[in-house]
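Since the structure comes first, as structure tokens, the remarks are kept for the end.
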Amino acid sequence: MTEINGKRLSYLYEAVTMGTIRAAADKLNIAPSAISRQISLLEEELTCTLIERHRKGVTPTEAGSVLLRFYRESLSAEEACVSKLQALLGLQRGHIKLAVGDGFIADLMLGPLSEFSRLYPELTLSISTGGSNEVIRQVEEDEAHIGLVFHSSSHPRIRSQVVSDQPMYVIVSPDHPLADRNKPMRLEALLEYPVGLAESRFGVRQLLAMAEFQQKIRFNPILTTDSFNVLKNFARSNMGFTFLPYFVVSKEVEDGHLIAIPIDNTLLASGEAHLVTRLGRHLSQGPHELLQHLKLWMKDL
């Protein structure tokens with residue numbers, strides 16, 4: 001049986017993850033030619049092509065994807081083994097990687113993460129933010145132990161640990177012409193007002209796009225952004241309105257700086273927040289403890 005060279009496999013992983021051989025070489029502080037050579041040797045040993053080279057970088061072939069999946073799962077298994085050994089020794093050390101949608105950050109930092117850090121001071125955290133697609137990708141490829149995402153579409157390798165109902169609202173300032181509305185708004189009634197929207201890679205925009213398609217309308221934003229803080233300040237400054245779940249603006253609404261108006265649309269009323277992990281991944285002790293902690297928090301979100 002052909003033996004897989006772990007060192008060469010790690011070079012393949014870095015090249016695909018970084019997107020280019022040169023970027024991987026810079027990260028590993030070795031010559032690009034050395035990485036190319038090691039990948040070529042791995043291809044010779046396994047008698048299959050593992051990457052495709054393009055002008056903009058490298059992408060894995062089907063065979064390369066199979067091999068990278070094996071590599072990620074082996075790393076996950078190694079991490080789980082180390083965690084069990086630490087547990088036998090009564091240790092609580094470790095590192096947890098989270099990938100979350102931008103809108104969750106404030107609630108996470110002020111609530112469950114600060115409490116978790118007090119309970120487990122020896123555990124360290126890294127948090128990356130991004131759109132729904134990026135969060136799912138990081139969890140699926142084991143770059144993050146746990147993901148928190150709004151409007152997660154079905155993915156065969158992703159498991160939703162908790163789902164919380166989070167309908168979308170029209171968000172306006174108290175000075176906006178719509179601020180005194182006390183009934184749910186129909187989407188077509190909003191078309192005449194300036195609107196700011198999240199970029200298309202975010203779940204809130206993807207859900208809105210589905211509602212637009214359903215009702216055969218289209219919002220033309222005067223502002224598009226990858227920041228929920230920008231959207232909140234856009235509405236707060238009365239430049240226009242935006243669409244967001246209530247949890248993103250709960251503090252501003254309670255303080256009287258923003259108003260959340262319900263929407264008369266079945267799709268937008270069915271928004272959901274998902275706490276996700278990769279299907280089949282055995283989480284080590286630290287990530288498992290955080291997952292249980294976040295499950296309790298999600299029930300009150």
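Order determines the names: the first chain of the structure tokens is A, the second B, and so forth; residues in each chain are numbered 1 upward, and ligands are numbered 1 upward as they are shown.
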
Using the chain letters and numbers from this document, which residues of stretch 136-261 of chain A does DSSP assign to strand (DSSP E), as a PyMOL selection string?
-> chain A and resi 146-150+158-165+168-172+195-198+223-225+241-245+259-261

Please produce a file of those selected residues containing C-alpha atoms, as a PDB file, in the first residue's frame.
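What landed in selection-v2.pdb:
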```
ATOM      1  CA  ILE A 146     -17.949  26.151  15.764  1.00  0.00           C
ATOM      2  CA  GLY A 147     -19.878  28.545  13.538  1.00  0.00           C
ATOM      3  CA  LEU A 148     -22.685  30.993  14.227  1.00  0.00           C
ATOM      4  CA  VAL A 149     -24.585  32.097  11.165  1.00  0.00           C
ATOM      5  CA  PHE A 150     -27.852  33.731  10.095  1.00  0.00           C
ATOM      6  CA  ILE A 158     -22.927  20.800   8.316  1.00  0.00           C
ATOM      7  CA  ARG A 159     -24.959  20.061  11.438  1.00  0.00           C
ATOM      8  CA  SER A 160     -27.128  22.719  13.074  1.00  0.00           C
ATOM      9  CA  GLN A 161     -26.745  22.188  16.824  1.00  0.00           C
ATOM     10  CA  VAL A 162     -29.315  24.866  17.732  1.00  0.00           C
ATOM     11  CA  VAL A 163     -31.722  26.891  15.593  1.00  0.00           C
ATOM     12  CA  SER A 164     -33.198  30.132  16.931  1.00  0.00           C
ATOM     13  CA  ASP A 165     -36.082  31.968  15.229  1.00  0.00           C
ATOM     14  CA  MET A 168     -36.108  40.275   9.949  1.00  0.00           C
ATOM     15  CA  TYR A 169     -37.240  43.824  10.722  1.00  0.00           C
ATOM     16  CA  VAL A 170     -37.238  47.182   8.996  1.00  0.00           C
ATOM     17  CA  ILE A 171     -34.764  49.304  10.966  1.00  0.00           C
ATOM     18  CA  VAL A 172     -35.234  53.091  11.025  1.00  0.00           C
ATOM     19  CA  VAL A 195     -32.186  51.685   1.748  1.00  0.00           C
ATOM     20  CA  GLY A 196     -28.804  50.352   2.867  1.00  0.00           C
ATOM     21  CA  LEU A 197     -28.112  46.629   2.524  1.00  0.00           C
ATOM     22  CA  ALA A 198     -25.514  44.044   3.500  1.00  0.00           C
ATOM     23  CA  LEU A 223     -25.319  51.914   0.387  1.00  0.00           C
ATOM     24  CA  THR A 224     -23.889  48.384   0.366  1.00  0.00           C
ATOM     25  CA  THR A 225     -21.522  47.226   3.105  1.00  0.00           C
ATOM     26  CA  PHE A 241     -33.643  52.275   6.417  1.00  0.00           C
ATOM     27  CA  THR A 242     -32.161  48.789   6.461  1.00  0.00           C
ATOM     28  CA  PHE A 243     -33.190  45.165   7.076  1.00  0.00           C
ATOM     29  CA  LEU A 244     -31.763  43.342  10.116  1.00  0.00           C
ATOM     30  CA  PRO A 245     -32.776  40.718  12.704  1.00  0.00           C
ATOM     31  CA  ILE A 259     -36.929  51.497  15.811  1.00  0.00           C
ATOM     32  CA  ALA A 260     -37.638  47.956  14.586  1.00  0.00           C
ATOM     33  CA  ILE A 261     -40.775  47.551  12.459  1.00  0.00           C
TER      34      ILE A 261
END
```

Find the residues near stretch 69-80 of chain A: any atom within 9 Å, counting only C-alpha atoms, skip ones fewer than 3 places away on the same chain, and give them as a list of chain:residue names.
-> A:Gly6, A:Leu9, A:Ser10, A:Tyr13, A:Gly64, A:Ser65, A:Val66, A:Ser83, A:Lys84, A:Leu85, A:Glu141, A:Asp142, A:Glu143, A:Arg281, A:His282, A:Leu283, A:Ser284, A:Gln285

Write out as a list in words which residues come within 12 Å of A:Ala106 when counting only C-alpha atoms, dropping same-chain ones fewer than 3 positions away.
-> Val100, Gly101, Asp102, Gly103, Met109, Leu110, Gly111, Pro112, Leu113, Ser114, Thr129, Phe228, Asn229, Phe247, Val248, Val249, Ser250, Lys251 and Glu252 of chain A

Which one of A:Arg137, A:Lys232, A:Lys7, A:His54 sits closest to A:Ser152 if you count only C-alpha atoms?
->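 For A:Ser152, the nearest of the given residues is A:Arg137.
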
Do a neighbour search on A:Asp255 at 12 Å with only C-alpha atoms, toss out local chain neighbours closer than 6 positions, and write the hits as an NGL selection string.
-> :A and (173-174 or 236 or 249)
